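Peer 1: Sharing structure_4.cif, mmCIF, C-alpha atoms:
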data_work
loop_
_atom_site.label_atom_id
_atom_site.label_comp_id
_atom_site.auth_asym_id
_atom_site.auth_seq_id
_atom_site.Cartn_x
_atom_site.Cartn_y
_atom_site.Cartn_z
CA MET A 644 19.25 -57.14 14.53
CA LYS A 645 20.61 -55.31 17.56
CA LYS A 646 23.06 -53.45 15.32
CA VAL A 647 20.21 -52.30 13.07
CA ILE A 648 18.17 -51.07 16.02
CA LEU A 649 21.21 -49.27 17.45
CA PHE A 650 21.93 -47.64 14.07
CA VAL A 651 18.30 -46.46 13.73
CA ALA A 652 18.36 -45.07 17.29
CA VAL A 653 21.61 -43.18 16.70
CA ALA A 654 20.36 -41.82 13.38
CA PHE A 655 17.09 -40.71 14.98
CA SER A 656 18.94 -39.00 17.84
CA PHE A 657 21.23 -37.19 15.39
CA ALA A 658 18.26 -36.02 13.32
CA LEU A 659 16.52 -34.77 16.46
CA VAL A 660 19.59 -32.83 17.59
CA SER A 661 20.04 -31.39 14.07
CA ALA A 662 16.41 -30.26 14.00
CA GLN A 663 16.86 -28.42 17.31
CA LEU A 664 20.22 -26.89 16.47
CA GLN A 665 20.14 -23.38 15.03
CA THR A 666 23.13 -21.87 13.27
CA PRO A 667 23.58 -18.42 11.69
CA ALA A 668 22.58 -18.05 8.06
CA PRO A 669 25.57 -17.25 5.83
CA SER A 670 23.42 -14.66 3.99
CA PRO A 671 20.90 -13.42 6.57
CA ALA A 672 17.57 -12.02 5.40
CA ALA A 673 16.88 -8.31 5.81
CA THR A 674 13.91 -5.99 5.35
CA LEU A 675 14.22 -2.26 4.70
CA THR A 676 11.20 0.03 5.01
CA GLN A 677 11.22 3.74 4.28
CA VAL A 678 8.64 6.44 3.62
CA VAL A 679 9.65 8.87 0.87
CA GLY A 680 7.25 11.80 0.77
CA LEU A 681 3.92 9.97 1.01
CA THR A 682 5.10 6.77 -0.67
CA ASP A 683 5.98 3.56 1.18
CA VAL A 684 9.11 1.83 -0.08
CA SER A 685 10.27 -1.58 1.14
CA VAL A 686 13.06 -3.94 0.14
CA GLU A 687 13.40 -7.62 1.10
CA TYR A 688 16.77 -9.19 0.40
CA SER A 689 19.57 -11.39 1.71
CA ARG A 690 23.00 -10.13 2.74
CA PRO A 691 25.96 -12.25 1.66
CA ALA A 692 29.40 -11.35 3.06
CA MET A 693 32.74 -10.92 1.30
CA ARG A 694 34.58 -13.37 3.59
CA GLY A 695 37.89 -12.62 1.87
CA ARG A 696 36.54 -13.15 -1.62
CA THR A 697 36.87 -10.89 -4.65
CA ILE A 698 33.30 -9.92 -5.52
CA TYR A 699 32.93 -8.06 -8.78
CA GLY A 700 34.61 -9.59 -11.78
CA ASP A 701 34.95 -12.89 -9.93
CA LEU A 702 32.16 -14.06 -7.59
CA VAL A 703 29.83 -11.74 -9.49
CA PRO A 704 31.04 -11.82 -13.11
CA TYR A 705 30.92 -8.69 -15.23
CA GLY A 706 28.41 -8.65 -18.06
CA LYS A 707 26.23 -11.44 -16.60
CA LEU A 708 22.72 -11.21 -15.18
CA TRP A 709 22.84 -11.22 -11.36
CA ARG A 710 20.07 -11.63 -8.83
CA THR A 711 21.52 -8.65 -6.89
CA GLY A 712 21.89 -10.45 -3.60
CA ALA A 713 21.65 -14.05 -2.45
CA ASN A 714 19.03 -16.73 -1.83
CA ALA A 715 15.55 -15.55 -2.87
CA ARG A 716 15.25 -12.73 -5.36
CA THR A 717 15.73 -9.25 -3.97
CA ALA A 718 12.32 -7.55 -4.09
CA VAL A 719 11.41 -3.87 -3.90
CA THR A 720 7.87 -2.58 -3.36
CA PHE A 721 6.55 0.90 -4.15
CA SER A 722 3.09 1.87 -2.88
CA ASP A 723 2.67 4.48 -5.66
CA ASP A 724 3.63 4.86 -9.28
CA VAL A 725 7.20 6.20 -9.37
CA LYS A 726 9.94 7.07 -11.82
CA VAL A 727 13.28 5.24 -11.57
CA ALA A 728 16.10 7.14 -13.27
CA GLY A 729 13.42 8.84 -15.35
CA LYS A 730 11.60 5.62 -16.34
CA ASP A 731 7.97 5.06 -15.35
CA LEU A 732 7.37 2.23 -12.88
CA LYS A 733 3.88 1.30 -11.69
CA ALA A 734 3.11 0.73 -8.03
CA GLY A 735 3.86 -2.86 -7.06
CA THR A 736 6.60 -5.34 -6.21
CA TYR A 737 9.55 -6.09 -8.46
CA ALA A 738 12.65 -8.28 -8.44
CA ILE A 739 15.85 -6.27 -8.82
CA PHE A 740 18.20 -7.86 -11.32
CA SER A 741 21.42 -6.27 -12.50
CA ILE A 742 24.19 -6.65 -15.05
CA PRO A 743 27.34 -5.25 -13.38
CA GLN A 744 30.19 -3.72 -15.39
CA PRO A 745 33.33 -2.04 -13.98
CA ASN A 746 31.99 1.50 -14.52
CA THR A 747 28.25 1.12 -15.05
CA TRP A 748 25.44 -1.20 -14.03
CA GLU A 749 22.25 -2.05 -15.83
CA VAL A 750 19.52 -2.36 -13.19
CA ILE A 751 16.34 -4.20 -14.16
CA PHE A 752 12.97 -4.11 -12.36
CA TYR A 753 11.24 -7.43 -13.12
CA THR A 754 7.58 -8.22 -12.45
CA GLU A 755 8.24 -11.86 -11.55
CA TYR A 756 9.73 -11.21 -8.14
CA GLN A 757 9.14 -14.59 -6.52
CA GLY A 758 11.61 -17.43 -6.74
CA GLY A 759 15.33 -17.85 -6.29
CA GLY A 760 18.15 -16.65 -8.49
CA ALA A 761 18.00 -14.92 -11.84
CA PRO A 762 16.35 -16.59 -14.84
CA ALA A 763 18.58 -18.08 -17.52
CA LYS A 764 17.04 -15.55 -19.89
CA LEU A 765 14.92 -12.51 -19.19
CA ASP A 766 11.34 -12.47 -20.44
CA GLU A 767 11.15 -8.96 -21.90
CA THR A 768 7.40 -8.84 -21.26
CA LYS A 769 8.22 -8.96 -17.54
CA VAL A 770 10.80 -6.15 -17.64
CA ALA A 771 8.97 -3.18 -16.11
CA ALA A 772 11.95 -0.82 -16.27
CA ARG A 773 15.59 -1.01 -17.28
CA VAL A 774 18.07 1.74 -16.32
CA THR A 775 21.82 2.29 -16.53
CA VAL A 776 23.62 3.96 -13.64
CA ASP A 777 27.25 4.76 -12.79
CA VAL A 778 29.41 2.89 -10.29
CA GLN A 779 31.03 4.98 -7.56
CA GLU A 780 34.10 3.72 -5.72
CA ILE A 781 33.96 3.52 -1.92
CA PRO A 782 37.27 4.09 -0.09
CA MET A 783 36.79 1.02 2.13
CA ASN A 784 35.30 -2.43 1.81
CA ILE A 785 31.61 -2.94 2.59
CA GLU A 786 31.79 -6.45 4.01
CA SER A 787 28.05 -7.27 3.87
CA PHE A 788 25.92 -6.70 0.78
CA THR A 789 23.77 -3.68 1.62
CA ILE A 790 20.77 -1.92 0.11
CA THR A 791 19.80 1.54 1.32
CA VAL A 792 17.40 4.36 0.59
CA ASP A 793 19.51 7.52 0.64
CA ASP A 794 19.32 11.26 -0.07
CA ILE A 795 15.65 11.42 0.89
CA THR A 796 13.58 14.52 0.16
CA SER A 797 9.82 14.96 0.04
CA SER A 798 9.73 13.92 -3.60
CA GLU A 799 12.79 11.79 -4.36
CA ALA A 800 15.45 9.44 -3.03
CA VAL A 801 18.15 7.03 -4.19
CA LEU A 802 18.00 3.24 -3.99
CA GLY A 803 21.59 2.41 -3.09
CA ILE A 804 23.41 -0.90 -3.61
CA MET A 805 26.75 -1.35 -1.79
CA TRP A 806 29.22 -4.21 -1.62
CA GLU A 807 32.99 -4.50 -1.67
CA LYS A 808 34.20 -1.06 -2.82
CA ALA A 809 31.30 -0.32 -5.23
CA TYR A 810 28.25 1.86 -4.73
CA VAL A 811 25.46 1.98 -7.31
CA GLY A 812 22.64 4.47 -6.82
CA VAL A 813 19.30 4.33 -8.67
CA PRO A 814 17.47 7.66 -8.25
CA PHE A 815 13.69 7.57 -8.07
CA THR A 816 10.95 10.16 -7.71
CA VAL A 817 7.59 9.79 -6.00
CA PRO A 818 4.27 11.58 -6.72
CA THR A 819 4.18 13.62 -3.52
CA GLU A 820 3.14 16.89 -5.17
CA LYS A 821 0.30 15.20 -7.04
CA LYS A 822 -0.98 13.44 -3.91
CA VAL A 823 -0.79 16.59 -1.79
CA SER A 824 -2.49 18.67 -4.49
CA THR A 825 -5.32 16.14 -4.71
CA ALA A 826 -5.73 16.18 -0.92
CA ILE A 827 -5.73 19.98 -0.86
CA ASP A 828 -8.33 20.18 -3.63
CA LYS A 829 -10.52 17.71 -1.79
CA ALA A 830 -10.17 19.59 1.49
CA LEU A 831 -10.88 22.95 -0.13
CA SER A 832 -13.91 21.60 -1.98
CA GLY A 833 -15.57 20.92 1.37
CA PRO A 834 -17.35 17.88 2.78
CA GLY A 835 -19.33 15.56 0.54
CA PHE A 836 -22.70 13.86 0.92
CA GLY A 837 -21.45 11.31 3.43
CA GLU A 838 -19.89 13.85 5.76
CA TYR A 839 -22.92 16.18 5.77
CA TYR A 840 -25.36 13.28 6.19
CA ALA A 841 -23.38 11.70 9.02
CA ALA A 842 -23.03 15.03 10.85
CA ALA A 843 -26.76 15.81 10.52
CA THR A 844 -27.97 12.40 11.72
CA TYR A 845 -25.46 12.49 14.58
CA TYR A 846 -26.85 15.85 15.73
CA LEU A 847 -30.40 14.44 15.52
CA ALA A 848 -29.51 11.31 17.49
CA GLU A 849 -27.69 13.31 20.18
CA GLY A 850 -30.35 16.03 20.48
CA LYS A 851 -27.94 18.76 19.39
CA ASP A 852 -28.63 21.93 17.40
CA ALA A 853 -31.55 20.91 15.13
CA LYS A 854 -31.22 23.99 12.91
CA GLN A 855 -27.60 23.14 12.19
CA ALA A 856 -28.60 19.54 11.50
CA LYS A 857 -31.27 20.80 9.08
CA GLU A 858 -28.67 22.88 7.22
CA TRP A 859 -26.35 19.91 6.91
CA ILE A 860 -29.05 17.45 5.81
CA ASP A 861 -30.20 19.88 3.13
CA LYS A 862 -26.63 20.18 1.83
CA ALA A 863 -26.33 16.39 1.80
CA MET A 864 -29.58 15.94 -0.10
CA SER A 865 -28.57 18.56 -2.64
CA MET A 866 -25.61 16.32 -3.53
CA THR A 867 -27.65 13.28 -4.54
CA ASP A 868 -30.07 12.96 -7.45
CA LYS A 869 -32.14 10.20 -5.92
CA PRO A 870 -32.18 10.06 -2.11
CA GLN A 871 -33.23 6.73 -0.61
CA PHE A 872 -36.30 6.32 1.58
CA TRP A 873 -34.22 5.87 4.73
CA GLN A 874 -32.33 9.08 4.01
CA LEU A 875 -35.58 10.95 3.42
CA ARG A 876 -36.85 9.53 6.70
CA GLN A 877 -33.92 11.06 8.58
CA GLN A 878 -34.43 14.37 6.78
CA SER A 879 -38.09 14.47 7.79
CA LEU A 880 -37.22 13.80 11.45
CA ILE A 881 -34.60 16.57 11.40
CA TYR A 882 -37.14 19.00 9.90
CA ALA A 883 -39.61 18.09 12.65
CA ALA A 884 -36.95 18.56 15.34
CA ALA A 885 -36.12 21.98 13.85
CA GLY A 886 -39.79 23.02 14.07
CA ASP A 887 -40.56 22.83 10.34
CA LYS A 888 -43.56 20.51 10.54
CA LYS A 889 -44.84 21.39 7.06
CA GLY A 890 -41.49 20.50 5.51
CA ALA A 891 -41.29 17.34 7.63
CA ILE A 892 -44.69 16.17 6.36
CA ALA A 893 -43.80 16.78 2.71
CA ILE A 894 -40.53 14.85 3.03
CA ALA A 895 -42.14 12.02 5.05
CA LYS A 896 -44.67 11.53 2.24
CA LYS A 897 -41.79 11.15 -0.22
CA SER A 898 -40.12 8.64 2.09
CA LEU A 899 -43.41 6.75 2.47
CA ALA A 900 -43.92 6.53 -1.30
CA ALA A 901 -40.35 5.32 -1.82
CA ALA A 902 -40.68 2.76 1.00
CA GLU A 903 -43.92 1.43 -0.53
CA THR A 904 -42.19 1.07 -3.90
CA ALA A 905 -39.33 -0.79 -2.22
CA GLY A 906 -41.75 -2.90 -0.18
CA ASN A 907 -40.11 -2.00 3.13
CA ALA A 908 -42.79 -2.55 5.78
CA ASP A 909 -40.77 -1.04 8.63
CA TYR A 910 -40.32 2.32 6.94
CA ILE A 911 -43.91 2.33 5.71
CA LYS A 912 -45.10 2.00 9.30
CA MET A 913 -42.59 4.54 10.71
CA ASN A 914 -43.55 7.15 8.13
CA LYS A 915 -47.27 6.59 8.66
CA ASP A 916 -46.82 6.87 12.43
CA SER A 917 -44.93 10.17 12.05
CA LEU A 918 -47.46 11.59 9.58
CA LYS A 919 -50.23 10.73 12.00
CA GLU A 920 -48.27 12.33 14.85
CA TRP A 921 -47.79 15.50 12.81
CA GLY A 922 -51.51 15.68 11.92
CA ALA A 923 -51.19 14.69 8.26
CA MET A 924 -53.22 11.45 8.48
#
Here is the file; what I need is its structure written in the form of structure tokens.
Peer 2:
Amino acid sequence: MKKVILFVAVAFSFALVSAQLQTPAPSPAATLTQVVGLTDVSVEYSRPAMRGRTIYGDLVPYGKLWRTGANARTAVTFSDDVKVAGKDLKAGTYAIFSIPQPNTWEVIFYTEYQGGGAPAKLDETKVAARVTVDVQEIPMNIESFTITVDDITSSEAVLGIMWEKAYVGVPFTVPTEKKVSTAIDKALSGPGFGEYYAAATYYLAEGKDAKQAKEWIDKAMSMTDKPQFWQLRQQSLIYAAAGDKKGAIAIAKKSLAAAETAGNADYIKMNKDSLKEWGAM
């Protein structure tokens, strides 16, 4: 019995020490983040080392599907729709699988990015893009598997894969011009309802230039087909502050009618109080 107790105690102590002991991962995890133009690009992957091994054609066989890294699947995320080597790829996260050959690689962007290792067989419905790129020889060994984003411009870059003496680059383009053009068009078209309305009500609340507030609230109201009773209420108050009592009364009556239809007692009372104050009741 004593031997059993001693064995359990030793085993427990060993387990406790093992749980507290941290050792380096043989293929440490890495995260790469890069902005290309206006598009966020990130890669999560593990970095195995050569450790004296022959990589391509041996550890990584030619002509076989590879997870392109170690441990969990290597995953790349694009915040916008992009083109990879001329192929359309929707915004999202993808596993990067590859089929290495001595002179070319087939690189596959796969929608099922979670999990470990490559599937025994690809589900073609999950292949978002498949491209073939050339292998370039590097004059020295790259000891740790490395993924980079290189040759960055405002509209394009290269997703680089390096290990041993091989470099494979997958060019991709991002929709910078489209995004900038949309932003320019929006800026040049001027503020919308929300901006004009917020500016006008801010001026009213802070006792600023009432005539300017009146101009802004009119622009806001011209942008909506059916203003709500609370919006009409603010417009009537701005008209009154700007000295246009006749206009304020006409708009307050519209707000009152809309508030009665909506059954909002608070706005019914506020409108009636203002109309009485302005001599309309």
Peer 1: Would you mind telling me which residue in A:Leu732, A:Val750, A:Ala883, A:Leu664 lies nearest to Gly706 in chain A when using all atoms listed in the file?
Peer 2: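 Going through A:Leu732, A:Val750, A:Ala883, A:Leu664 one by one, the smallest distance to Gly706 in chain A is for A:Val750.
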Peer 1: Using only C-alpha atoms, find each residue of range 761-855 of chain A with at least one atom at most 10 Å away from an atom of range 864-879 of chain A; report its shortest atom-to-atom pair and that distance in Å (one decimal), sort the rows by chain and rising residue number, and return the result as a Markdown table.
Peer 2:
| residue | atom | partner | partner_atom | distance |
| --- | --- | --- | --- | --- |
| A:Gly835 | CA | A:Met866 | CA | 7.5 |
| A:Phe836 | CA | A:Met866 | CA | 5.9 |
| A:Gly837 | CA | A:Met866 | CA | 9.5 |
| A:Tyr839 | CA | A:Met864 | CA | 8.9 |
| A:Tyr840 | CA | A:Met864 | CA | 8.0 |
| A:Ala843 | CA | A:Gln878 | CA | 8.7 |
| A:Thr844 | CA | A:Gln877 | CA | 6.9 |
| A:Leu847 | CA | A:Gln877 | CA | 8.5 |
| A:Ala848 | CA | A:Gln877 | CA | 9.9 |
Peer 1: Rounded to one decimal in Å, what is the spacing between CA of Gly760 in chain A and CA of Phe788 in chain A?
Peer 2: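 Between CA of Gly760 in chain A and CA of Phe788 in chain A the gap is 15.7 Å.
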Peer 1: Can you translate the PyMOL selection byres ((chain A and resi 710) around 9) into the concrete residues it hits in this file, as a PyMOL selection string?
Peer 2: chain A and resi 708-709+711-717+738-742+759-762
Peer 1: For the provided coordinates, the residues matched by the PyMOL selection byres ((chain A and resi 718-725) around 6) should be stated as a list in words.
Peer 2: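 With the PyMOL selection byres ((chain A and resi 718-725) around 6) on this model, the match is Thr682, Asp683, Val684, Ser685, Val686, Glu687, Thr717, Lys726, Leu732, Lys733, Ala734, Gly735, Thr736, Tyr737, Ala738, Thr816 and Val817 of chain A.
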Peer 1: Nearest to Pro691 in chain A among A:Lys829, A:Ala672, A:Ala809, A:Tyr910, with distances taken over all atoms listed in the file: which residue is it?
Peer 2: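 Of A:Lys829, A:Ala672, A:Ala809, A:Tyr910, the one nearest Pro691 in chain A, counting all atoms listed in the file, is A:Ala672.
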